[in-house]
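Here's the structure we're looking at; comments come further down.
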Amino acid sequence: MKEKKLKILVVEDSKLNQEVLRRILAKDYNIVLAQDGTEALEKVKVEIPDLILLDIILPGIDGFDVLTELKKCDESHLIPVIIISGRSNPDDEVKGLKLGAVDYITKPFHEIVVKARVETQVRILKQMRIIEEFGFIDTLTNIPNRRQFDQYLIREWNRAKRENIPISIVMIDVDHFKMYNDTHGHQQGDLALQTVAGTIASSLKRKTDIAARWGGEEFSVLLPNTTLDGAVQVAEDIRKNVETASIPFPGADLYHNVTISTGVSEMLPDDNVSISNLVLQADKALYKAKELGRNRVCTPAD
């Protein structure tokens, strides 16, 4: 399969320089253009580029202010930024690097230099993504691990707080898993967890939703911009899908099923509540589901 092209945002007010950079880079990358700082910050949110080429001298907000804003925002602070400038002043270069830029290219553009500098940052970016993928994926179930879930939760909590929208979480526990493990063995138990993880992940319909292995036989699902009623419906869909999912026994024409208990909570983030409150309420609802007989969905009000 052909590798997907990375996306580069070029922030440059000169049409001529835009065209020069497009000619140099368009064969290998998808190019998005912005003519000033305000447009650049808007394009970053919509396009989510992999790399940014940022001119210092721009109409309105200058490049240094744009860079400062990019590094303050959760959604953009990790995007590598290469400064492009017609000034070869060492003070400008030092200032840009101190603000978080990864490199500095001076005008007029030399094709060989531009390509080499961009390729270097792309190579580093790809290596970092591989490292992050291994660090954020649960090796048994191949879905995000607790570490990735926590980071995503913090980011979505802050976004929900800014935009005044609800956020919901579903905590999931495989019913009587110790008994299942003791009866069928740890290898079969691992297969059961893999089946449950795959079923949970495939039950989610939106790209913004994330399922993760919380630990052991526990899983979690984060549902941004979702009310309690909506989250309960997602949790019920997951519960039904897991209940009907068949877990094969390797080497035998046999299948088994497991069930799950789930706890759901929803909050509208503000200064009076915290992320831990959201998780705690879902945990309490999960324990209530277990107390009421398992294989069910509960909320804090149940």
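For the structure tokens, the naming scheme is as follows: chains receive sequential letters (A, B, ...) according to their order of presentation, residues are indexed from 1 within each chain, and ligands are indexed from 1 in presentation order.
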
Nearby residues (only C-alpha atoms) at most 9 Å from stretch 157-167 of chain A, same-chain spacing under 2 positions excluded, as a PDB file with C-alpha atoms, in the first residue's frame:
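File out.pdb, as written:
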```pdb
ATOM      1  CA  ASP A  74      -2.834  21.230  23.378  1.00  0.00           C
ATOM      2  CA  TYR A 152      -6.555  11.943  25.611  1.00  0.00           C
ATOM      3  CA  LEU A 153      -8.882  12.421  28.583  1.00  0.00           C
ATOM      4  CA  ILE A 154      -6.957  15.494  29.768  1.00  0.00           C
ATOM      5  CA  ARG A 155      -7.000  17.007  26.283  1.00  0.00           C
ATOM      6  CA  ILE A 169     -16.826   8.032  30.286  1.00  0.00           C
ATOM      7  CA  LEU A 222     -14.147   8.143  26.447  1.00  0.00           C
ATOM      8  CA  LEU A 223     -17.024   9.866  24.652  1.00  0.00           C
ATOM      9  CA  PRO A 224     -16.377  13.585  24.028  1.00  0.00           C
ATOM     10  CA  ASN A 225     -19.375  15.889  23.555  1.00  0.00           C
ATOM     11  CA  THR A 226     -21.760  13.145  24.694  1.00  0.00           C
ATOM     12  CA  THR A 227     -24.631  13.394  27.184  1.00  0.00           C
ATOM     13  CA  LEU A 228     -25.375  10.725  29.773  1.00  0.00           C
ATOM     14  CA  SER A 265     -20.880   9.010  34.066  1.00  0.00           C
ATOM     15  CA  GLU A 266     -21.165  12.419  32.391  1.00  0.00           C
ATOM     16  CA  MET A 267     -20.024  15.895  33.405  1.00  0.00           C
ATOM     17  CA  LEU A 268     -19.959  19.439  32.114  1.00  0.00           C
ATOM     18  CA  PRO A 269     -16.422  20.490  33.082  1.00  0.00           C
ATOM     19  CA  ASP A 270     -15.953  23.713  35.038  1.00  0.00           C
ATOM     20  CA  ASP A 271     -13.780  25.020  37.870  1.00  0.00           C
ATOM     21  CA  SER A 274     -12.216  17.619  38.138  1.00  0.00           C
ATOM     22  CA  ILE A 275     -11.360  14.711  35.888  1.00  0.00           C
ATOM     23  CA  LEU A 278     -15.759  11.939  36.322  1.00  0.00           C
TER      24      LEU A 278
END
```

Residues flagged helix (DSSP H, G or I) by DSSP in stretch 183-258 of chain A, as a ChimeraX atom specification: /A:183-184,186-203,228-244

Which polymer residues have any atom within 10 Å of an atom of A:Leu78, counting only C-alpha atoms, with same-chain residues fewer than 3 positions away left out, as a ChimeraX atom specification? /A:50-51,70-75,81,100,125

In Å, with one decimal, what is the gap from atom CA of A:Lys240 to atom CA of A:Thr195?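 Between atom CA of A:Lys240 and atom CA of A:Thr195 the gap is 13.6 Å.
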
Show which residues sit within 12 Å of A:Leu67, as a PyMOL selection string. Count only C-alpha atoms, and ignore same-chain residues fewer than 3 positions away. chain A and resi 11+37-38+40-41+44+52-56+61-64+70-73+76-83+95-102

Using only C-alpha atoms, find the one residue out of A:Gln194, A:Asp150, A:Val32, A:Thr68 that sits nearest to A:Ser276. A:Asp150

Name the residues of stretch 45-279 of chain A that come out as strand (DSSP E or B) in a backbone DSSP run; write them as a ChimeraX atom specification. /A:51-55,81-85,103-106,137,144,167-174,210-215,218-224,247-248,255-256,260-267

What lies within 6 Å of stretch 28-30 of chain A using only C-alpha atoms, ignoring chain neighbours under 4 positions off, as a compact mmCIF listing (two decimals) with N, CA and C atoms, in the first residue's frame?
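As written to disk, selection24.txt reads:
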```txt
# COMPACT_ATOMS: atom_id res chain seq x y z
N LYS A 5 0.67 10.65 2.05
CA LYS A 5 1.50 11.84 2.12
C LYS A 5 1.24 12.62 3.40
N LEU A 6 2.31 13.12 4.01
CA LEU A 6 2.15 13.99 5.16
C LEU A 6 1.70 15.37 4.69
N LYS A 7 1.11 16.12 5.61
CA LYS A 7 0.56 17.44 5.27
C LYS A 7 1.45 18.54 5.85
```

Pick the closest to A:Met171 from A:Asp92, A:Asp209, A:Glu218, A:Asp36: which is it, counting only C-alpha atoms?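 When distances to A:Met171 are compared using only C-alpha atoms, the smallest one comes from A:Glu218.
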
Shell of 7 Å around A:Asn257, only C-alpha atoms, local chain residues under 4 positions omitted, as a short mmCIF file (atom, residue, chain, number, x, y, z; two decimals) with all heavy atoms, in the first residue's frame:
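This is the output file selection02.cif:
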```
data_model
loop_
_atom_site.label_atom_id
_atom_site.label_comp_id
_atom_site.auth_asym_id
_atom_site.auth_seq_id
_atom_site.Cartn_x
_atom_site.Cartn_y
_atom_site.Cartn_z
N GLU A 243 -21.65 -9.63 24.75
CA GLU A 243 -22.42 -10.81 25.18
C GLU A 243 -22.59 -11.81 24.04
O GLU A 243 -22.62 -13.03 24.26
CB GLU A 243 -23.78 -10.36 25.70
CG GLU A 243 -24.61 -11.49 26.30
CD GLU A 243 -25.93 -10.99 26.85
OE1 GLU A 243 -26.45 -9.98 26.33
OE2 GLU A 243 -26.45 -11.61 27.80
N THR A 244 -22.69 -11.30 22.81
CA THR A 244 -22.92 -12.20 21.67
C THR A 244 -21.63 -12.55 20.92
O THR A 244 -21.67 -13.31 19.95
CB THR A 244 -23.91 -11.56 20.69
OG1 THR A 244 -23.42 -10.28 20.27
CG2 THR A 244 -25.27 -11.38 21.34
N ALA A 245 -20.52 -11.98 21.32
CA ALA A 245 -19.24 -12.26 20.65
C ALA A 245 -18.74 -13.65 21.07
O ALA A 245 -18.71 -13.99 22.25
CB ALA A 245 -18.20 -11.20 21.01
N SER A 246 -18.34 -14.45 20.10
CA SER A 246 -17.87 -15.81 20.37
C SER A 246 -16.35 -15.82 20.51
O SER A 246 -15.64 -15.30 19.66
CB SER A 246 -18.28 -16.75 19.24
OG SER A 246 -19.69 -16.85 19.18
N ILE A 247 -15.88 -16.42 21.60
CA ILE A 247 -14.44 -16.55 21.83
C ILE A 247 -14.04 -17.97 21.45
O ILE A 247 -14.46 -18.95 22.08
CB ILE A 247 -14.11 -16.30 23.32
CG1 ILE A 247 -14.66 -14.94 23.76
CG2 ILE A 247 -12.61 -16.39 23.55
CD1 ILE A 247 -14.68 -14.74 25.25
#
```

Interatomic distance between atom CA of A:Arg146 and atom CA of A:Val297?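 Atom-to-atom, atom CA of A:Arg146 and atom CA of A:Val297 are spaced 21.7 Å apart.
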
Give me the residues near A:Glu111 as an mmCIF file with all heavy atoms, in the first residue's frame, where near means some atom within 8 Å (using only C-alpha atoms) and where sequence neighbours in that chain fewer than 3 positions away do not count.
```cif
data_model
loop_
_atom_site.group_PDB
_atom_site.id
_atom_site.type_symbol
_atom_site.label_atom_id
_atom_site.label_comp_id
_atom_site.auth_asym_id
_atom_site.auth_seq_id
_atom_site.Cartn_x
_atom_site.Cartn_y
_atom_site.Cartn_z
ATOM 1 N N ILE A 24 8.588 22.971 -4.856
ATOM 2 C CA ILE A 24 9.649 22.164 -4.253
ATOM 3 C C ILE A 24 9.090 20.948 -3.521
ATOM 4 O O ILE A 24 9.650 19.857 -3.567
ATOM 5 C CB ILE A 24 10.494 23.018 -3.280
ATOM 6 C CG1 ILE A 24 11.274 24.096 -4.053
ATOM 7 C CG2 ILE A 24 11.462 22.154 -2.474
ATOM 8 C CD1 ILE A 24 11.992 25.097 -3.157
ATOM 9 N N VAL A 114 15.884 23.280 1.237
ATOM 10 C CA VAL A 114 14.511 23.134 1.729
ATOM 11 C C VAL A 114 14.132 21.665 1.851
ATOM 12 O O VAL A 114 13.613 21.224 2.887
ATOM 13 C CB VAL A 114 13.517 23.866 0.796
ATOM 14 C CG1 VAL A 114 12.079 23.544 1.207
ATOM 15 C CG2 VAL A 114 13.746 25.365 0.836
ATOM 16 N N LYS A 115 14.400 20.893 0.809
ATOM 17 C CA LYS A 115 14.066 19.470 0.845
ATOM 18 C C LYS A 115 14.795 18.751 1.975
ATOM 19 O O LYS A 115 14.211 17.939 2.698
ATOM 20 C CB LYS A 115 14.404 18.810 -0.493
ATOM 21 C CG LYS A 115 13.379 19.056 -1.588
ATOM 22 C CD LYS A 115 13.697 18.218 -2.814
ATOM 23 C CE LYS A 115 12.591 18.309 -3.833
ATOM 24 N NZ LYS A 115 12.866 17.470 -5.023
#
```

For A:Leu25, the closest of A:Arg117, A:Arg206, A:Lys126, A:Lys284 counting only C-alpha atoms is A:Arg117

Å distance separating atom CA of A:Val10 from atom CA of A:Ala34, one decimal place: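 Interatomic distance, atom CA of A:Val10 to atom CA of A:Ala34: 6.2 Å.
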
Considering only C-alpha atoms, can you say which of A:Lys107, A:Arg213, A:Lys27, A:His186 comes closest to A:Arg147?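 Residue with the minimum atom-to-atom distance to A:Arg147: A:Arg213.
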